[in-house]
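*Asks:* Below is final_16.cif; it holds mmCIF, C-alpha atoms.
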data_my_file
loop_
_atom_site.group_PDB
_atom_site.id
_atom_site.type_symbol
_atom_site.label_atom_id
_atom_site.label_comp_id
_atom_site.auth_asym_id
_atom_site.auth_seq_id
_atom_site.Cartn_x
_atom_site.Cartn_y
_atom_site.Cartn_z
ATOM 1 C CA PHE A 24 21.266 0.021 -2.745
ATOM 2 C CA SER A 25 19.719 1.826 -5.708
ATOM 3 C CA LEU A 26 16.198 3.174 -5.658
ATOM 4 C CA THR A 27 14.938 2.849 -9.232
ATOM 5 C CA HIS A 28 11.875 2.932 -11.459
ATOM 6 C CA SER A 29 10.741 -0.017 -13.580
ATOM 7 C CA ALA A 30 11.785 1.905 -16.684
ATOM 8 C CA ASP A 31 15.405 1.669 -15.439
ATOM 9 C CA LEU A 32 15.256 -2.147 -15.460
ATOM 10 C CA THR A 33 15.420 -4.635 -18.317
ATOM 11 C CA VAL A 34 15.480 -8.427 -18.675
ATOM 12 C CA ARG A 35 17.945 -9.897 -21.170
ATOM 13 C CA GLY A 36 18.535 -13.624 -21.545
ATOM 14 C CA GLY A 37 16.547 -14.254 -18.372
ATOM 15 C CA LEU A 38 18.749 -11.929 -16.286
ATOM 16 C CA VAL A 39 17.669 -8.597 -14.787
ATOM 17 C CA TYR A 40 19.764 -5.493 -15.420
ATOM 18 C CA LEU A 41 19.760 -1.920 -14.154
ATOM 19 C CA ASN A 42 20.409 0.739 -16.801
ATOM 20 C CA PRO A 43 22.280 3.538 -15.024
ATOM 21 C CA LEU A 44 24.028 6.250 -16.995
ATOM 22 C CA GLY A 45 26.947 4.778 -18.880
ATOM 23 C CA GLY A 46 26.066 1.059 -19.072
ATOM 24 C CA VAL A 47 24.149 -1.826 -17.553
ATOM 25 C CA VAL A 48 24.600 -3.572 -14.198
ATOM 26 C CA ARG A 49 23.288 -7.068 -13.513
ATOM 27 C CA LEU A 50 21.022 -7.335 -10.455
ATOM 28 C CA ASP A 51 21.148 -10.303 -8.111
ATOM 29 C CA GLY A 52 18.126 -9.177 -6.121
ATOM 30 C CA LEU A 53 15.447 -6.549 -5.842
ATOM 31 C CA LEU A 54 12.736 -5.329 -3.515
ATOM 32 C CA ARG A 55 9.591 -4.778 -5.583
ATOM 33 C CA ARG A 56 7.206 -1.938 -4.668
ATOM 34 C CA ILE A 57 4.619 -2.112 -7.459
ATOM 35 C CA ALA A 58 1.471 -4.257 -7.286
ATOM 36 C CA ASP A 59 1.778 -7.961 -8.114
ATOM 37 C CA ILE A 60 -0.540 -7.755 -11.111
ATOM 38 C CA LYS A 61 1.381 -4.829 -12.651
ATOM 39 C CA CYS A 62 4.949 -6.125 -12.297
ATOM 40 C CA ASP A 63 5.207 -7.962 -15.642
ATOM 41 C CA PRO A 64 3.173 -6.993 -18.742
ATOM 42 C CA LEU A 65 4.201 -10.201 -20.548
ATOM 43 C CA GLU A 66 2.595 -12.583 -18.054
ATOM 44 C CA LEU A 67 0.230 -10.637 -15.821
ATOM 45 C CA ASP A 68 -1.329 -7.399 -17.062
ATOM 46 C CA PRO A 69 -0.553 -6.534 -20.695
ATOM 47 C CA THR A 70 -1.994 -3.032 -20.200
ATOM 48 C CA SER A 71 0.515 -2.176 -17.447
ATOM 49 C CA SER A 72 3.297 0.251 -18.283
ATOM 50 C CA GLU A 73 4.713 0.025 -14.748
ATOM 51 C CA GLY A 74 6.252 -3.440 -14.887
ATOM 52 C CA VAL A 75 9.358 -5.053 -16.327
ATOM 53 C CA PRO A 76 8.740 -7.481 -19.224
ATOM 54 C CA GLY A 77 10.210 -10.897 -18.347
ATOM 55 C CA LEU A 78 10.591 -10.254 -14.605
ATOM 56 C CA THR A 79 8.224 -13.076 -13.631
ATOM 57 C CA GLN A 80 10.179 -15.620 -15.695
ATOM 58 C CA ALA A 81 13.509 -14.426 -14.264
ATOM 59 C CA ALA A 82 12.153 -14.848 -10.727
ATOM 60 C CA ARG A 83 10.624 -18.247 -11.529
ATOM 61 C CA GLU A 84 13.972 -19.496 -12.849
ATOM 62 C CA GLN A 85 15.698 -18.067 -9.733
ATOM 63 C CA ARG A 86 17.912 -15.805 -11.844
ATOM 64 C CA VAL A 87 16.996 -12.851 -9.633
ATOM 65 C CA PHE A 88 16.084 -12.904 -5.943
ATOM 66 C CA MET A 89 12.881 -10.972 -5.305
ATOM 67 C CA ALA A 90 12.691 -10.027 -1.607
ATOM 68 C CA ASN A 91 8.911 -9.772 -1.851
ATOM 69 C CA ALA A 92 7.920 -12.437 -4.348
ATOM 70 C CA ILE A 93 4.815 -12.155 -6.493
ATOM 71 C CA GLY A 94 1.851 -12.942 -4.254
ATOM 72 C CA THR A 95 3.278 -11.386 -1.097
ATOM 73 C CA GLY A 96 1.153 -8.286 -1.732
ATOM 74 C CA LEU A 97 -1.487 -10.271 0.160
ATOM 75 C CA GLY A 98 0.431 -9.291 3.309
ATOM 76 C CA GLU A 99 -0.450 -5.629 2.662
ATOM 77 C CA CYS A 100 -4.162 -6.393 2.360
ATOM 78 C CA PRO A 101 -6.137 -3.804 4.398
ATOM 79 C CA ALA A 102 -8.229 -6.632 5.910
ATOM 80 C CA TRP A 103 -5.240 -7.631 8.093
ATOM 81 C CA MET A 104 -4.802 -4.222 9.745
ATOM 82 C CA PRO A 105 -7.624 -4.493 12.312
ATOM 83 C CA LEU A 106 -6.434 -8.013 13.178
ATOM 84 C CA LEU A 107 -2.734 -7.262 13.793
ATOM 85 C CA PRO A 108 -3.004 -6.356 17.503
ATOM 86 C CA ARG A 109 -4.942 -9.561 18.253
ATOM 87 C CA TRP A 110 -2.618 -11.721 16.156
ATOM 88 C CA CYS A 111 0.445 -10.293 17.893
ATOM 89 C CA GLU A 112 -1.041 -11.108 21.314
ATOM 90 C CA LEU A 113 -2.068 -14.584 20.161
ATOM 91 C CA LEU A 114 1.181 -15.523 18.404
ATOM 92 C CA PHE A 115 3.782 -13.753 20.550
ATOM 93 C CA GLY A 116 1.992 -13.022 23.828
ATOM 94 C CA GLU A 117 2.765 -9.301 23.609
ATOM 95 C CA SER A 118 1.444 -6.050 22.190
ATOM 96 C CA LEU A 119 2.634 -4.552 18.919
ATOM 97 C CA LYS A 120 5.856 -2.574 19.345
ATOM 98 C CA LEU A 121 4.549 0.077 16.943
ATOM 99 C CA GLU A 122 0.843 0.733 17.302
ATOM 100 C CA SER A 123 -1.208 0.020 14.214
ATOM 101 C CA ALA A 124 -3.423 2.720 12.700
ATOM 102 C CA PRO A 125 -6.927 2.522 14.250
ATOM 103 C CA SER A 126 -9.018 0.422 11.884
ATOM 104 C CA TRP A 127 -12.139 -1.742 11.868
ATOM 105 C CA TRP A 128 -13.100 -4.721 9.713
ATOM 106 C CA CYS A 129 -16.792 -4.264 8.941
ATOM 107 C CA GLY A 130 -17.354 -8.032 8.883
ATOM 108 C CA GLU A 131 -17.602 -7.953 12.685
ATOM 109 C CA PRO A 132 -21.043 -6.725 13.840
ATOM 110 C CA ASP A 133 -19.641 -4.449 16.590
ATOM 111 C CA SER A 134 -17.136 -2.925 14.180
ATOM 112 C CA LEU A 135 -19.805 -2.346 11.529
ATOM 113 C CA ALA A 136 -22.012 -0.593 14.104
ATOM 114 C CA TYR A 137 -19.080 1.648 15.114
ATOM 115 C CA VAL A 138 -18.288 2.489 11.478
ATOM 116 C CA LEU A 139 -21.896 3.420 10.662
ATOM 117 C CA GLU A 140 -22.120 5.650 13.757
ATOM 118 C CA ASN A 141 -18.775 7.378 13.089
ATOM 119 C CA LEU A 142 -18.725 7.517 9.298
ATOM 120 C CA ASP A 143 -17.697 11.201 9.235
ATOM 121 C CA GLN A 144 -14.392 10.467 11.007
ATOM 122 C CA LEU A 145 -13.429 7.478 8.868
ATOM 123 C CA ILE A 146 -12.128 6.376 5.483
ATOM 124 C CA ILE A 147 -13.791 3.327 3.919
ATOM 125 C CA ARG A 148 -11.546 1.009 1.899
ATOM 126 C CA ASN A 149 -11.967 -2.263 0.061
ATOM 127 C CA ALA A 150 -10.688 -4.924 2.474
ATOM 128 C CA PHE A 151 -8.846 -6.831 -0.238
ATOM 129 C CA VAL A 152 -7.388 -4.120 -2.489
ATOM 130 C CA ARG A 153 -3.954 -2.966 -1.359
ATOM 131 C CA HIS A 154 -3.976 0.439 -3.029
ATOM 132 C CA SER A 155 -6.155 3.240 -1.728
ATOM 133 C CA ALA A 156 -7.310 4.626 -5.079
ATOM 134 C CA HIS A 157 -10.916 3.599 -4.406
ATOM 135 C CA GLN A 158 -11.202 4.739 -0.805
ATOM 136 C CA VAL A 159 -14.196 6.776 0.318
ATOM 137 C CA ILE A 160 -13.863 9.641 2.802
ATOM 138 C CA GLY A 161 -16.926 9.560 5.053
ATOM 139 C CA ARG A 162 -17.176 13.291 5.721
ATOM 140 C CA GLU A 163 -17.334 13.988 1.967
ATOM 141 C CA LEU A 164 -20.477 11.882 1.469
ATOM 142 C CA TYR A 165 -23.887 13.542 1.227
ATOM 143 C CA GLY A 166 -27.427 12.520 0.325
ATOM 144 C CA ALA A 167 -27.722 9.595 -2.094
ATOM 145 C CA ASP A 168 -23.948 8.922 -2.061
ATOM 146 C CA ARG A 169 -23.970 8.544 1.720
ATOM 147 C CA ASP A 170 -27.070 6.310 1.614
ATOM 148 C CA ARG A 171 -25.444 4.174 -1.098
ATOM 149 C CA ILE A 172 -22.248 3.515 0.891
ATOM 150 C CA ILE A 173 -24.263 2.671 4.041
ATOM 151 C CA GLU A 174 -26.385 0.253 2.028
ATOM 152 C CA THR A 175 -23.257 -1.323 0.518
ATOM 153 C CA LEU A 176 -21.628 -1.695 3.939
ATOM 154 C CA ARG A 177 -24.720 -3.422 5.293
ATOM 155 C CA ALA A 178 -25.034 -5.717 2.249
ATOM 156 C CA GLN A 179 -21.351 -6.773 2.088
ATOM 157 C CA PRO A 180 -19.711 -5.829 5.395
ATOM 158 C CA TRP A 181 -16.945 -8.420 5.000
ATOM 159 C CA ALA A 182 -15.631 -6.579 1.921
ATOM 160 C CA PHE A 183 -14.728 -3.322 3.719
ATOM 161 C CA VAL A 184 -12.335 -1.885 6.274
ATOM 162 C CA ALA A 185 -12.648 1.526 7.912
ATOM 163 C CA MET A 186 -9.687 3.579 9.108
ATOM 164 C CA GLU A 187 -9.299 6.834 11.005
ATOM 165 C CA LEU A 188 -8.455 9.857 8.881
ATOM 166 C CA ALA A 189 -4.758 10.669 9.104
ATOM 167 C CA LEU A 190 -3.824 14.111 10.409
ATOM 168 C CA LEU A 191 -1.364 15.494 7.878
ATOM 169 C CA GLY A 192 1.244 18.138 8.434
ATOM 170 C CA TYR A 193 1.329 21.211 6.195
ATOM 171 C CA ALA A 194 4.151 22.848 4.284
ATOM 172 C CA GLN A 195 4.408 26.173 2.481
ATOM 173 C CA THR A 196 3.831 25.422 -1.201
ATOM 174 C CA TRP A 197 3.583 27.450 -4.403
ATOM 175 C CA ALA A 198 0.145 26.713 -5.891
ATOM 176 C CA HIS A 199 -2.348 28.727 -7.955
ATOM 177 C CA HIS A 200 0.146 31.611 -8.311
ATOM 178 C CA ARG A 201 0.599 32.113 -4.551
ATOM 179 C CA ILE A 202 2.108 30.542 -1.457
ATOM 180 C CA VAL A 203 -0.358 28.332 0.420
ATOM 181 C CA ALA A 204 -0.287 25.740 3.196
ATOM 182 C CA TRP A 205 -0.542 22.328 1.520
ATOM 183 C CA PRO A 206 -0.918 18.869 3.116
ATOM 184 C CA SER A 207 2.398 17.054 2.960
ATOM 185 C CA VAL A 208 3.781 13.593 3.615
ATOM 186 C CA PHE A 209 7.472 12.730 3.918
ATOM 187 C CA LEU A 210 8.214 9.332 2.374
ATOM 188 C CA PHE A 211 11.597 7.674 2.669
ATOM 189 C CA PHE A 212 13.057 4.203 2.334
ATOM 190 C CA ALA A 213 15.403 2.756 4.931
ATOM 191 C CA CYS A 214 17.307 -0.508 5.142
ATOM 192 C CA PHE A 215 18.699 -2.388 8.153
ATOM 193 C CA HIS A 216 22.258 -3.213 7.093
ATOM 194 C CA ARG A 217 25.193 -4.466 9.165
ATOM 195 C CA GLY A 218 23.614 -3.577 12.476
ATOM 196 C CA LYS A 219 22.364 -0.094 11.649
ATOM 197 C CA ILE A 220 19.527 1.576 9.762
ATOM 198 C CA GLU A 221 20.555 3.478 6.665
ATOM 199 C CA VAL A 222 18.284 5.830 4.736
ATOM 200 C CA MET A 223 18.518 5.033 1.035
ATOM 201 C CA PRO A 224 19.508 7.803 -1.393
#
So that I can check it, write out the structure of this file as structure tokens.
*Replies:*
Amino acid sequence: FSLTHSADLTVRGGLVYLNPLGGVVRLDGLLRRIADIKCDPLELDPTSSEGVPGLTQAAREQRVFMANAIGTGLGECPAWMPLLPRWCELLFGESLKLESAPSWWCGEPDSLAYVLENLDQLIIRNAFVRHSAHQVIGRELYGADRDRIIETLRAQPWAFVAMELALLGYAQTWAHHRIVAWPSVFLFFACFHRGKIEVMP
């Protein structure tokens, strides 16, 4: 499996191709990681430089298999996170195998009360926006900004989710002309293939 950027892909004659060094390779399928709205500038967001022009049409005509079709980003909606443990119990009669990050949907009165009392230990996110670009870190709010977010939470509690702050590891990093400890996250992609998990190059 190849891990690529959108710029490495092209659609020609309704077919999707990868442009590695030395030629093009037709793709039968792909696993999309960019937001639904940004995946095709021809049909969805003309201002997006992240997508692949023509990808939506190729998927619609079933000329490429998209493992996470356009619209499945709804599954990554932050609003689902606080509900996962309950849904797992309800649907399967068991607890989650991998514990979900502690989170609270502010649309529930008890959850909203907890969030307002513990704002300094939480991150506030839009419940329906997958990406975290607009998240608010509670401990960084002061004065009017803090009052404004509390007022917003009380006015539209259903629109927000709160999550515990993640504790990040630190790595030695060269920054500002010296070596400093810098927060770090290790991100990798893995695929279950033929009975075993393989980390993708």
*Asks:* Could you tell me which residues the PyMOL selection byres ((chain A and resi 191-196) around 9) returns for this structure, as a ChimeraX atom specification?
*Replies:* /A:189-190,197-198,201-208
*Asks:* Given the file above and the PyMOL selection byres ((chain A and resi 35-45) around 10), which residues are selected, and can you give them as an MDAnalysis selection string?
*Replies:* chainID A and resid 25 27:34 46:53 75:88
*Asks:* The PyMOL selection byres ((chain A and resi 59-67) around 10) - which residues does that actually catch in the file I just gave you? List them as a compact mmCIF listing (two decimals) with C-alpha atoms, in the coordinates of the input.
*Replies:*
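After the write, expr.txt holds the following:
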# COMPACT_ATOMS: atom_id res chain seq x y z
CA SER A 29 10.74 -0.02 -13.58
CA ARG A 55 9.59 -4.78 -5.58
CA ARG A 56 7.21 -1.94 -4.67
CA ILE A 57 4.62 -2.11 -7.46
CA ALA A 58 1.47 -4.26 -7.29
CA ASP A 68 -1.33 -7.40 -17.06
CA PRO A 69 -0.55 -6.53 -20.70
CA THR A 70 -1.99 -3.03 -20.20
CA SER A 71 0.52 -2.18 -17.45
CA SER A 72 3.30 0.25 -18.28
CA GLU A 73 4.71 0.02 -14.75
CA GLY A 74 6.25 -3.44 -14.89
CA VAL A 75 9.36 -5.05 -16.33
CA PRO A 76 8.74 -7.48 -19.22
CA GLY A 77 10.21 -10.90 -18.35
CA LEU A 78 10.59 -10.25 -14.60
CA THR A 79 8.22 -13.08 -13.63
CA GLN A 80 10.18 -15.62 -15.70
CA ASN A 91 8.91 -9.77 -1.85
CA ALA A 92 7.92 -12.44 -4.35
CA ILE A 93 4.82 -12.16 -6.49
CA GLY A 94 1.85 -12.94 -4.25
CA THR A 95 3.28 -11.39 -1.10
CA GLY A 96 1.15 -8.29 -1.73
CA LEU A 97 -1.49 -10.27 0.16
*Asks:* Nearest to A:Phe151 among A:Pro180, A:Pro101, A:Pro224, A:Gly218, with distances taken over all atoms listed in the file: which residue is it?
*Replies:*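 Closest to A:Phe151 of all the choices is A:Pro101.
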*Asks:* As an exercise, work out the distance from atom CA of A:Leu54 to atom CA of A:Phe215 in Å and give it to one decimal place.
*Replies:*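 That distance, rounded to one decimal, is 13.4 Å.
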*Asks:* Mind pulling up the distance from atom CA of A:Arg162 to atom CA of A:Asn141?
*Replies:*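 According to the coordinates, atom CA of A:Asn141 and atom CA of A:Arg162 are separated by 9.6 Å.
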*Asks:* What gap, in Å, lies between atom CA of A:Gly161 and atom CA of A:Trp128?
*Replies:* 15.5 Å
*Asks:* I need the residue nearest A:Ile172 from this list: A:Lys120, A:Arg148, A:His200, A:Arg109. Use only C-alpha atoms for the distance.
*Replies:*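 Result for the nearest residue to A:Ile172: A:Arg148.
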*Asks:* (-11.8, -2.6, 6.4) in this file's frame - what residues fall within 6 Å of it? Use only C-alpha atoms and give the answer as a PyMOL selection string.
*Replies:* chain A and resi 102+127-129+148+150+183-185
*Asks:* For C-alpha atoms, I'd like the residues from the last selection saved as a CSV table (one decimal), in the frame of the given file.
*Replies:*
chain,number,residue,atom,x,y,z
A,102,ALA,CA,-8.2,-6.6,5.9
A,127,TRP,CA,-12.1,-1.7,11.9
A,128,TRP,CA,-13.1,-4.7,9.7
A,129,CYS,CA,-16.8,-4.3,8.9
A,148,ARG,CA,-11.5,1.0,1.9
A,150,ALA,CA,-10.7,-4.9,2.5
A,183,PHE,CA,-14.7,-3.3,3.7
A,184,VAL,CA,-12.3,-1.9,6.3
A,185,ALA,CA,-12.6,1.5,7.9
